[in-house]
Structures are given as structure tokens and as C-alpha cells.
>>> print(open('protein-v1.txt').read())   # compact mmCIF, C-alpha atoms
# COMPACT_ATOMS: atom_id res chain seq x y z
CA GLU A 109 -29.90 9.43 -16.95
CA GLY A 110 -33.37 9.33 -15.47
CA ASP A 111 -32.05 7.54 -12.40
CA ARG A 112 -29.49 10.27 -11.80
CA ILE A 113 -32.12 13.03 -12.19
CA THR A 114 -34.40 11.25 -9.71
CA ARG A 115 -31.41 10.74 -7.44
CA GLY A 116 -30.85 14.51 -7.36
CA ARG A 117 -34.34 15.04 -5.93
CA GLN A 118 -33.85 12.64 -3.03
CA PRO A 119 -32.86 13.78 0.49
CA ALA A 120 -29.13 14.02 1.02
CA GLY A 121 -29.26 11.41 3.77
CA ALA A 122 -30.91 8.84 1.50
CA ILE A 123 -28.35 9.48 -1.25
CA LEU A 124 -25.49 9.08 1.22
CA MET A 125 -26.88 5.79 2.55
CA ARG A 126 -27.26 4.41 -1.00
CA GLU A 127 -23.69 5.38 -1.86
CA LEU A 128 -22.39 3.82 1.37
CA ASP A 129 -24.29 0.63 0.53
CA ALA A 130 -22.70 0.59 -2.93
CA ILE A 131 -19.19 1.20 -1.52
CA THR A 132 -19.69 -1.56 1.07
CA ALA A 133 -20.93 -3.99 -1.60
CA LEU A 134 -17.85 -3.35 -3.76
CA LEU A 135 -15.57 -3.67 -0.74
CA VAL A 136 -17.12 -7.00 0.33
CA ARG A 137 -17.01 -8.33 -3.25
CA ASP A 138 -13.28 -7.66 -3.65
CA LEU A 139 -12.53 -9.05 -0.19
CA ARG A 140 -14.36 -12.28 -1.01
CA SER A 141 -12.46 -12.54 -4.28
CA PHE A 142 -9.15 -12.07 -2.45
CA PHE A 143 -9.82 -14.65 0.27
CA ARG A 144 -10.98 -17.17 -2.35
CA SER A 145 -7.67 -16.78 -4.20
CA ARG A 146 -5.50 -18.95 -1.95
CA SER A 147 -2.40 -18.48 -4.08
CA GLN A 148 -2.53 -14.70 -3.65
CA LEU A 149 -3.37 -15.04 0.04
CA TYR A 150 -0.49 -17.40 0.84
CA SER A 151 2.09 -15.75 -1.41
CA SER A 152 1.41 -12.34 0.16
CA VAL A 153 2.76 -13.67 3.47
CA PHE A 154 5.28 -16.34 2.42
CA PHE A 155 7.10 -14.28 -0.23
CA PRO A 156 8.17 -11.50 2.20
CA LEU A 157 9.17 -14.14 4.76
CA MET A 158 11.27 -15.87 2.11
CA LEU A 159 13.02 -12.58 1.32
CA LEU A 160 13.61 -12.06 5.03
CA ALA A 161 15.32 -15.44 5.22
CA ILE A 162 17.40 -14.96 2.07
CA LEU A 163 18.34 -11.28 2.41
CA GLY A 164 18.39 -11.09 6.19
CA VAL A 165 20.39 -14.22 7.00
CA GLY A 166 22.42 -14.18 3.78
CA VAL A 167 23.47 -10.54 3.97
CA GLU A 168 24.00 -10.55 7.71
CA ASP A 169 26.15 -13.68 7.72
CA GLY A 170 27.84 -13.23 4.35
CA LEU A 171 28.43 -9.49 3.96
CA ASP A 172 28.20 -8.30 7.57
CA PRO A 173 26.85 -4.83 6.65
CA ARG A 174 28.34 -1.99 8.66
CA ASN A 175 26.26 0.35 10.79
CA ILE A 176 23.23 -2.01 10.76
CA ASP A 177 22.70 -3.93 13.95
CA ASP A 178 20.46 -6.98 13.64
CA TYR A 179 19.82 -6.68 9.90
CA VAL A 180 16.92 -9.18 9.89
CA THR A 181 14.94 -6.99 12.29
CA PHE A 182 15.96 -3.87 10.34
CA LEU A 183 14.65 -5.47 7.15
CA THR A 184 11.23 -6.45 8.53
CA PRO A 185 9.56 -2.99 8.24
CA GLY A 186 10.71 -2.87 4.64
CA MET A 187 9.06 -6.23 3.98
CA ILE A 188 5.83 -4.91 5.51
CA VAL A 189 5.97 -1.89 3.19
CA MET A 190 6.73 -4.16 0.22
CA THR A 191 3.66 -6.25 1.07
CA ALA A 192 1.49 -3.12 1.00
CA LEU A 193 3.09 -2.09 -2.30
CA PHE A 194 2.43 -5.39 -4.06
CA SER A 195 -1.08 -5.57 -2.63
CA SER A 196 -1.95 -2.17 -4.07
CA THR A 197 -0.72 -3.27 -7.50
CA PHE A 198 -2.83 -6.46 -7.52
CA SER A 199 -5.91 -4.70 -6.15
CA SER A 200 -5.73 -1.87 -8.69
CA ALA A 201 -5.32 -4.40 -11.51
CA SER A 202 -8.83 -5.72 -10.73
CA TYR A 203 -10.06 -2.55 -12.50
CA TYR A 204 -9.01 -4.14 -15.79
CA GLN A 205 -10.60 -7.49 -14.96
CA ASP A 206 -13.91 -5.77 -14.21
CA ARG A 207 -13.66 -3.72 -17.39
CA ASP A 208 -12.83 -6.66 -19.66
CA SER A 209 -15.54 -8.85 -18.14
CA GLY A 210 -18.17 -6.17 -18.63
CA LEU A 211 -18.81 -5.75 -14.91
CA LEU A 212 -17.43 -2.21 -14.91
CA ARG A 213 -19.97 -1.23 -17.59
CA VAL A 214 -22.75 -2.57 -15.37
CA MET A 215 -21.40 -0.61 -12.39
CA ILE A 216 -21.21 2.64 -14.36
CA ALA A 217 -24.77 2.12 -15.65
CA SER A 218 -26.00 2.03 -12.04
CA PRO A 219 -27.36 5.18 -10.37
CA HIS A 220 -24.07 5.58 -8.47
CA SER A 221 -21.39 7.98 -9.67
CA PRO A 222 -18.05 6.70 -11.03
CA GLN A 223 -16.35 8.23 -7.98
CA VAL A 224 -18.40 5.99 -5.66
CA ILE A 225 -17.32 2.94 -7.69
CA LEU A 226 -13.64 3.93 -7.56
CA LEU A 227 -13.92 4.67 -3.84
CA GLY A 228 -15.37 1.23 -3.12
CA LYS A 229 -12.63 -0.52 -5.08
CA ALA A 230 -9.89 1.62 -3.54
CA LEU A 231 -11.11 0.91 0.00
CA ALA A 232 -11.03 -2.80 -0.82
CA GLY A 233 -7.38 -2.40 -1.81
CA VAL A 234 -6.63 -0.53 1.41
CA THR A 235 -8.32 -3.22 3.52
CA ILE A 236 -6.62 -6.13 1.74
CA GLY A 237 -3.21 -4.46 1.90
CA GLY A 238 -3.67 -3.64 5.57
CA VAL A 239 -4.66 -7.20 6.45
CA GLN A 240 -1.69 -8.66 4.56
CA ALA A 241 0.84 -6.25 6.09
CA LEU A 242 -0.42 -6.72 9.65
CA ALA A 243 -0.52 -10.50 9.20
CA LEU A 244 3.16 -10.34 8.20
CA LEU A 245 3.90 -8.25 11.30
CA LEU A 246 2.26 -10.84 13.56
CA VAL A 247 4.14 -13.71 11.92
CA ALA A 248 7.45 -11.81 12.12
CA ALA A 249 6.90 -11.03 15.80
CA ALA A 250 6.64 -14.76 16.51
CA ILE A 251 9.97 -15.58 14.81
CA PRO A 252 12.75 -15.88 17.46
CA SER A 253 15.48 -14.37 15.27
CA ILE A 254 13.50 -11.14 14.79
CA ASN A 255 13.96 -8.97 17.88
CA PHE A 256 11.58 -6.02 17.88
CA HIS A 257 12.46 -3.32 20.43
CA TRP A 258 8.89 -1.92 20.71
CA GLN A 259 10.26 1.56 21.50
CA TYR A 260 6.81 2.94 22.38
CA GLY A 261 5.62 -0.18 24.18
CA VAL A 262 3.93 -3.10 22.42
CA PRO A 263 0.44 -1.48 22.14
CA GLY A 264 1.84 1.92 21.09
CA SER A 265 4.30 0.47 18.57
CA ILE A 266 1.64 -1.77 17.02
CA ALA A 267 -0.77 1.18 16.82
CA LEU A 268 1.83 3.37 15.07
CA THR A 269 2.75 0.55 12.69
CA ALA A 270 -0.92 -0.12 11.88
CA PHE A 271 -1.50 3.60 11.27
CA ALA A 272 1.53 3.74 8.96
CA VAL A 273 0.23 0.68 7.08
CA VAL A 274 -3.21 2.28 6.60
CA LEU A 275 -1.73 5.58 5.38
CA LEU A 276 0.66 3.82 3.00
CA ASN A 277 -2.17 1.73 1.59
CA LEU A 278 -4.31 4.84 1.11
CA PHE A 279 -1.44 6.44 -0.81
CA LEU A 280 -0.66 3.35 -2.89
CA SER A 281 -4.30 2.50 -3.65
CA GLY A 282 -4.98 6.08 -4.68
CA LEU A 283 -1.91 6.06 -6.92
CA GLY A 284 -2.96 2.72 -8.41
CA GLN A 285 -6.51 3.90 -9.15
CA MET A 286 -5.17 7.13 -10.64
CA LEU A 287 -2.90 5.22 -13.03
CA ALA A 288 -5.49 2.52 -13.82
CA SER A 289 -8.06 5.13 -14.90
CA ARG A 290 -5.51 6.62 -17.32
CA ILE A 291 -3.72 3.57 -18.75
CA ARG A 292 -5.76 1.39 -21.13
CA SER A 293 -3.98 -1.97 -20.88
CA MET A 294 -3.13 -4.11 -17.87
CA GLN A 295 0.34 -4.75 -19.31
CA GLY A 296 1.01 -1.03 -19.53
CA PHE A 297 -0.34 -0.53 -16.03
CA HIS A 298 2.02 -3.13 -14.52
CA LEU A 299 4.96 -1.66 -16.46
CA VAL A 300 4.29 1.86 -15.19
CA MET A 301 3.61 0.67 -11.63
CA ASN A 302 6.92 -1.21 -11.60
CA LEU A 303 8.78 1.82 -12.97
CA VAL A 304 7.22 4.05 -10.30
CA LEU A 305 7.02 1.80 -7.25
CA PHE A 306 10.31 -0.11 -7.31
CA PRO A 307 12.43 3.07 -7.11
CA PHE A 308 10.08 4.17 -4.30
CA LEU A 309 10.82 0.93 -2.47
CA PHE A 310 14.58 0.77 -2.99
CA PHE A 311 15.17 4.41 -2.01
CA SER A 312 12.93 4.37 1.05
CA GLY A 313 15.37 3.03 3.61
CA ALA A 314 13.70 -0.38 3.48
CA PHE A 315 16.87 -2.29 2.61
CA PHE A 316 19.64 0.04 3.79
CA PRO A 317 19.82 3.27 5.82
CA LEU A 318 19.39 6.48 3.84
CA ASP A 319 22.32 8.01 5.73
CA GLU A 320 24.69 5.69 3.85
CA LEU A 321 23.62 6.99 0.41
CA PRO A 322 25.16 9.79 -1.69
CA ILE A 323 23.63 13.24 -1.21
CA TRP A 324 21.52 13.14 -4.38
CA LEU A 325 20.03 9.79 -3.36
CA LYS A 326 19.39 11.13 0.15
CA LEU A 327 17.36 13.92 -1.45
CA LEU A 328 15.36 11.36 -3.43
CA GLY A 329 14.76 9.48 -0.21
CA ARG A 330 13.48 12.60 1.53
CA ILE A 331 10.89 13.34 -1.17
CA ASN A 332 9.84 9.67 -1.31
CA PRO A 333 6.55 9.13 0.62
CA LEU A 334 7.47 5.50 1.38
CA SER A 335 10.56 6.70 3.29
CA TYR A 336 8.34 8.18 5.98
CA GLY A 337 6.34 4.96 6.34
CA VAL A 338 9.53 2.91 6.68
CA ASP A 339 10.94 5.48 9.10
CA LEU A 340 7.83 5.32 11.30
CA MET A 341 7.96 1.51 11.38
CA HIS A 342 11.68 1.51 12.15
CA LEU A 343 11.03 3.88 15.05
CA SER A 344 8.23 1.67 16.34
CA LEU A 345 9.78 -1.76 15.84
CA TYR A 346 13.55 -1.53 15.37
CA ALA A 347 15.07 1.62 16.84
CA GLU A 348 15.89 2.20 20.49
CA SER A 349 15.83 6.00 20.14
CA SER A 350 14.77 8.66 17.61
CA ASP A 351 18.34 9.73 16.80
CA GLY A 352 19.05 9.62 13.07
CA TYR A 353 15.36 9.34 12.07
CA PHE A 354 12.85 11.85 10.71
CA GLY A 355 10.76 11.52 13.87
CA VAL A 356 7.18 10.44 14.54
CA PRO A 357 5.57 13.92 14.13
CA VAL A 358 7.25 14.48 10.74
CA ASP A 359 6.41 10.95 9.56
CA LEU A 360 2.74 11.26 10.53
CA ALA A 361 2.37 14.75 9.04
CA VAL A 362 3.93 13.83 5.67
CA LEU A 363 2.13 10.49 5.37
CA THR A 364 -1.25 11.97 6.26
CA LEU A 365 -0.99 14.87 3.80
CA VAL A 366 0.35 12.78 0.92
CA ALA A 367 -2.05 9.87 1.49
CA ALA A 368 -5.09 12.17 1.67
CA ALA A 369 -4.10 14.11 -1.46
CA VAL A 370 -3.24 11.08 -3.62
CA PHE A 371 -6.21 9.00 -2.44
CA TYR A 372 -8.58 11.87 -3.22
CA ALA A 373 -6.98 12.37 -6.65
CA GLY A 374 -7.23 8.66 -7.43
CA THR A 375 -10.87 8.20 -6.39
CA SER A 376 -12.22 11.46 -7.82
CA ARG A 377 -11.35 10.63 -11.44
CA SER A 378 -13.86 9.36 -13.97
CA THR A 379 -13.68 5.73 -15.18
CA SER A 380 -13.16 4.66 -18.77
CA LEU A 381 -14.54 1.65 -20.63
CA GLU A 382 -12.02 1.90 -23.48
CA ARG A 383 -9.48 -0.87 -23.93
>>> encode(input="protein-v1.txt", output="C-alpha cells")
Amino acid sequence: EGDRITRGRQPAGAILMRELDAITALLVRDLRSFFRSRSQLYSSVFFPLMLLAILGVGVEDGLDPRNIDDYVTFLTPGMIVMTALFSSTFSSASYYQDRDSGLLRVMIASPHSPQVILLGKALAGVTIGGVQALALLLVAAAIPSINFHWQYGVPGSIALTAFAVVLLNLFLSGLGQMLASRIRSMQGFHLVMNLVLFPFLFFSGAFFPLDELPIWLKLLGRINPLSYGVDLMHLSLYAESSDGYFGVPVDLAVLTLVAAAVFYAGTSRSTSLER
């Protein structure tokens, strides 16, 4: 308590620098933990590639889906989004590991506010998810059977895809932190995340075009934030024109607003030590 009173008397610049140091320390700590976990590092890239091989080749050769040219390439943006989705789940689950190990109690006892702690952990999730998703993009681009069209040129398409990945990770990390600060057990957290995120993924246009769905499912797709991330990646990597898509301005506007609102809501909550 005394530390927080003293902290209030310090210049605003000094307080900001201390909070930035704390956020950076939490970010670096979670990044080191991720890169030391080789199983998580490798599986984050190989699992989506495995799905690309099974779903892409299997569906394209076996079922020959109508109205989808080059299904493997169509599927790749969805795999990138799925990578970001799983990464946000694993990163948010570290909240429970820190709480159960007692580290969260030590963090809260520090002079820094709980919001600074949540912000540092959320930014770590955004960074890890972004690195995983972009690594998958680079690997996919090197596979001969995946034919990206690069509608806006290679630099422009990569920039739009990277921006979509960052915004999606901000949204997903904010959502994960918001749920983790409310749900007491890790088991309950994973259950709720699966119930929330898997419908997001399946009705986002990641696996099949939204135009082929019934009207009520099209409406669900239009209010689904992930749909706009998938749409932006399809426009950048797969499509040859903007016909039949939401469009880059709409995608960017929706993703930016939703990501900012959810990330702020997730990192502005107080933390709990209860199990």
C-alpha cells in the first residue's frame, strides 16, 4: 500500500517508464517460456500443415467441392487464423499456471497495478500468436501446391496479412484474458474457450465460403469477428478480385474496432487469486 502511495507522488514520466519496464519483463518472460517449450513451438506449425495436407488434398481429390478453386490455397488463411486462435488459448492459460505457482501473487504484490500485469501477459500472447501465424505463412508460401495470388503484390499482401494477424491476436488475447480473470479453474477456462472459439472458427469462412451457407448461418458469419480476418487474408492471398468479399476497408474497420474494444476490456479487469 505504501509503495502505491509513494508511486502516486512520482512524476508521470517515471511511473510510465516503470510500467513499461514491468510490461516488457512479463513479455520477455513468456516469450522465453514459449521458445523453451519445443513441443508447443513445433506443434504450432506442424499441426496446421498436417490439417492442410489432410483436409486440402483429401477434400479436393475426394469430394471435389464446388465453387472453390484450389481448395488447399483457400484453406491456408483459415489455418493461419486457427494458429492464432490456439495460440491465444495456450497463452491465456498461463494465467492459471502463474496463479497456482504463486507467481501471480508476487506480481500483484509489486507496485504495479493489476492492469499492467494483464497487459504484459496479453502482449506476450499477441507476440507469440503473431510469430506462429506468420511462420506458418512463410512455410505455406514455400510449398509448391499452395498458389498464392498476392492480389495486392507480395509486400502489400504480406503487410495486410500481418496486420490481420496482429488484430486477430489482440482480439483473441483480450478475450482470453477477460475469460481467465472470471473463470476460476483451467479446466473450465478451456471448456468455455472451446465453446466460444470453435463456432467462431467454423463459421468464419475458414473452411468453406460463407455464401454457400443458409441465411441464418450467413448472419452468424457476418457478426463473427474472425470472418473479417479470414476475409482479409483471402483477399490478400487467395482471391484475384474483391467480388464476393466484404472488402479491405470493411475488414480493417471491423477488426480494428472489435480488437481495440475487446483487448481493452480484457486488460482493464482486476486479477483474482482465488482457485
>>> closest_residue(input="protein-v1.txt", among="A:Ile236, A:Met301, A:Leu268, A:Val180", to="Ile254 in chain A", atoms="all atoms listed in the file")
A:Val180
>>> residues_around(input="protein-v1.txt", residues="Ala367 in chain A", least_positions_apart="3", cutoff="6 Å", atoms="only C-alpha atoms", output="PyMOL selection string")
chain A and resi 275+278-279+363-364+370-371
>>> atom_distance(input="protein-v1.txt", atom1="CA of Leu124 in chain A", atom2="CA of Arg207 in chain A")
25.5 Å
>>> atom_distance(input="protein-v1.txt", atom1="CA of Gly233 in chain A", atom2="CA of Ser199 in chain A")
5.1 Å
>>> residues_around(input="protein-v1.txt", residues="Val262 in chain A", least_positions_apart="5", cutoff="12 Å", atoms="all atoms listed in the file", output="short mmCIF file (atom, residue, chain, number, x, y, z; two decimals) with C-alpha atoms, in the coordinates of the input")
data_model
loop_
_atom_site.label_atom_id
_atom_site.label_comp_id
_atom_site.auth_asym_id
_atom_site.auth_seq_id
_atom_site.Cartn_x
_atom_site.Cartn_y
_atom_site.Cartn_z
CA LEU A 246 2.26 -10.84 13.56
CA ALA A 249 6.90 -11.03 15.80
CA PHE A 256 11.58 -6.02 17.88
CA HIS A 257 12.46 -3.32 20.43
CA ALA A 267 -0.77 1.18 16.82
CA LEU A 268 1.83 3.37 15.07
CA THR A 269 2.75 0.55 12.69
CA ALA A 270 -0.92 -0.12 11.88
CA SER A 344 8.23 1.67 16.34
CA LEU A 345 9.78 -1.76 15.84
#
>>> atom_distance(input="protein-v1.txt", atom1="CA of Gly237 in chain A", atom2="CA of Thr191 in chain A")
7.1 Å
>>> residues_around(input="protein-v1.txt", residues="Met294 in chain A", least_positions_apart="4", cutoff="12 Å", atoms="all atoms listed in the file", output="list in words")
Thr197, Phe198, Ser200, Ala201, Ser202, Tyr203, Tyr204, Gln205, Asp206, Arg207, Asp208, Gly284, Leu287, Ala288, Ser289, Arg290, His298, Leu299, Val300, Met301 and Arg383 of chain A
>>> closest_residue(input="protein-v1.txt", among="A:Gly329, A:Gly228, A:Gly264, A:Gly238", to="Ile131 in chain A", atoms="all atoms listed in the file")
A:Gly228
>>> closest_residue(input="protein-v1.txt", among="A:Leu139, A:Ile266, A:Met190, A:Ile176", to="Phe308 in chain A", atoms="only C-alpha atoms")
A:Met190
>>> residues_around(input="protein-v1.txt", residues="Leu328 in chain A", least_positions_apart="3", cutoff="9 Å", atoms="all atoms listed in the file", output="list in words")
Phe308, Phe311, Ser312, Ile323, Trp324, Leu325, Ile331 and Asn332 of chain A
>>> closest_residue(input="protein-v1.txt", among="A:Leu226, A:Leu183, A:Met286, A:Val239", to="Val274 in chain A", atoms="all atoms listed in the file")
A:Val239
>>> closest_residue(input="protein-v1.txt", among="A:Ile225, A:Leu280, A:Ala250, A:Val234", to="Leu211 in chain A", atoms="all atoms listed in the file")
A:Ile225
>>> decode(input="protein-v1.txt", residues="range 213-253 of chain A", atoms="C-alpha atoms", output="CSV table (one decimal), in the first residue's frame")
chain,number,residue,atom,x,y,z
A,213,ARG,CA,0.6,-13.3,-6.0
A,214,VAL,CA,4.1,-11.9,-6.2
A,215,MET,CA,3.2,-9.9,-9.3
A,216,ILE,CA,0.1,-8.4,-7.6
A,217,ALA,CA,2.2,-7.5,-4.5
A,218,SER,CA,4.5,-5.4,-6.7
A,219,PRO,CA,4.0,-1.7,-7.0
A,220,HIS,CA,2.5,-2.2,-10.5
A,221,SER,CA,-1.3,-2.3,-11.0
A,222,PRO,CA,-3.1,-5.5,-12.0
A,223,GLN,CA,-3.9,-3.9,-15.3
A,224,VAL,CA,-0.1,-3.5,-16.1
A,225,ILE,CA,0.3,-7.2,-15.3
A,226,LEU,CA,-2.5,-8.3,-17.5
A,227,LEU,CA,-1.3,-6.0,-20.3
A,228,GLY,CA,2.2,-7.6,-20.2
A,229,LYS,CA,0.8,-11.1,-20.4
A,230,ALA,CA,-1.7,-10.2,-23.1
A,231,LEU,CA,1.1,-8.6,-25.3
A,232,ALA,CA,3.1,-11.8,-24.8
A,233,GLY,CA,0.1,-13.7,-26.2
A,234,VAL,CA,-0.2,-11.3,-29.1
A,235,THR,CA,3.5,-11.6,-30.0
A,236,ILE,CA,3.6,-15.4,-29.7
A,237,GLY,CA,0.5,-15.8,-31.8
A,238,GLY,CA,1.8,-13.4,-34.4
A,239,VAL,CA,5.1,-15.2,-34.7
A,240,GLN,CA,3.4,-18.6,-35.1
A,241,ALA,CA,0.9,-17.4,-37.7
A,242,LEU,CA,3.5,-15.6,-39.8
A,243,ALA,CA,5.8,-18.6,-39.6
A,244,LEU,CA,3.0,-20.7,-41.0
A,245,LEU,CA,2.5,-18.2,-43.8
A,246,LEU,CA,6.2,-18.4,-44.7
A,247,VAL,CA,6.2,-22.2,-44.7
A,248,ALA,CA,3.0,-22.3,-46.7
A,249,ALA,CA,4.4,-19.9,-49.3
A,250,ALA,CA,7.3,-22.2,-49.9
A,251,ILE,CA,5.0,-25.3,-50.6
A,252,PRO,CA,4.6,-25.8,-54.4
A,253,SER,CA,1.0,-26.9,-54.2
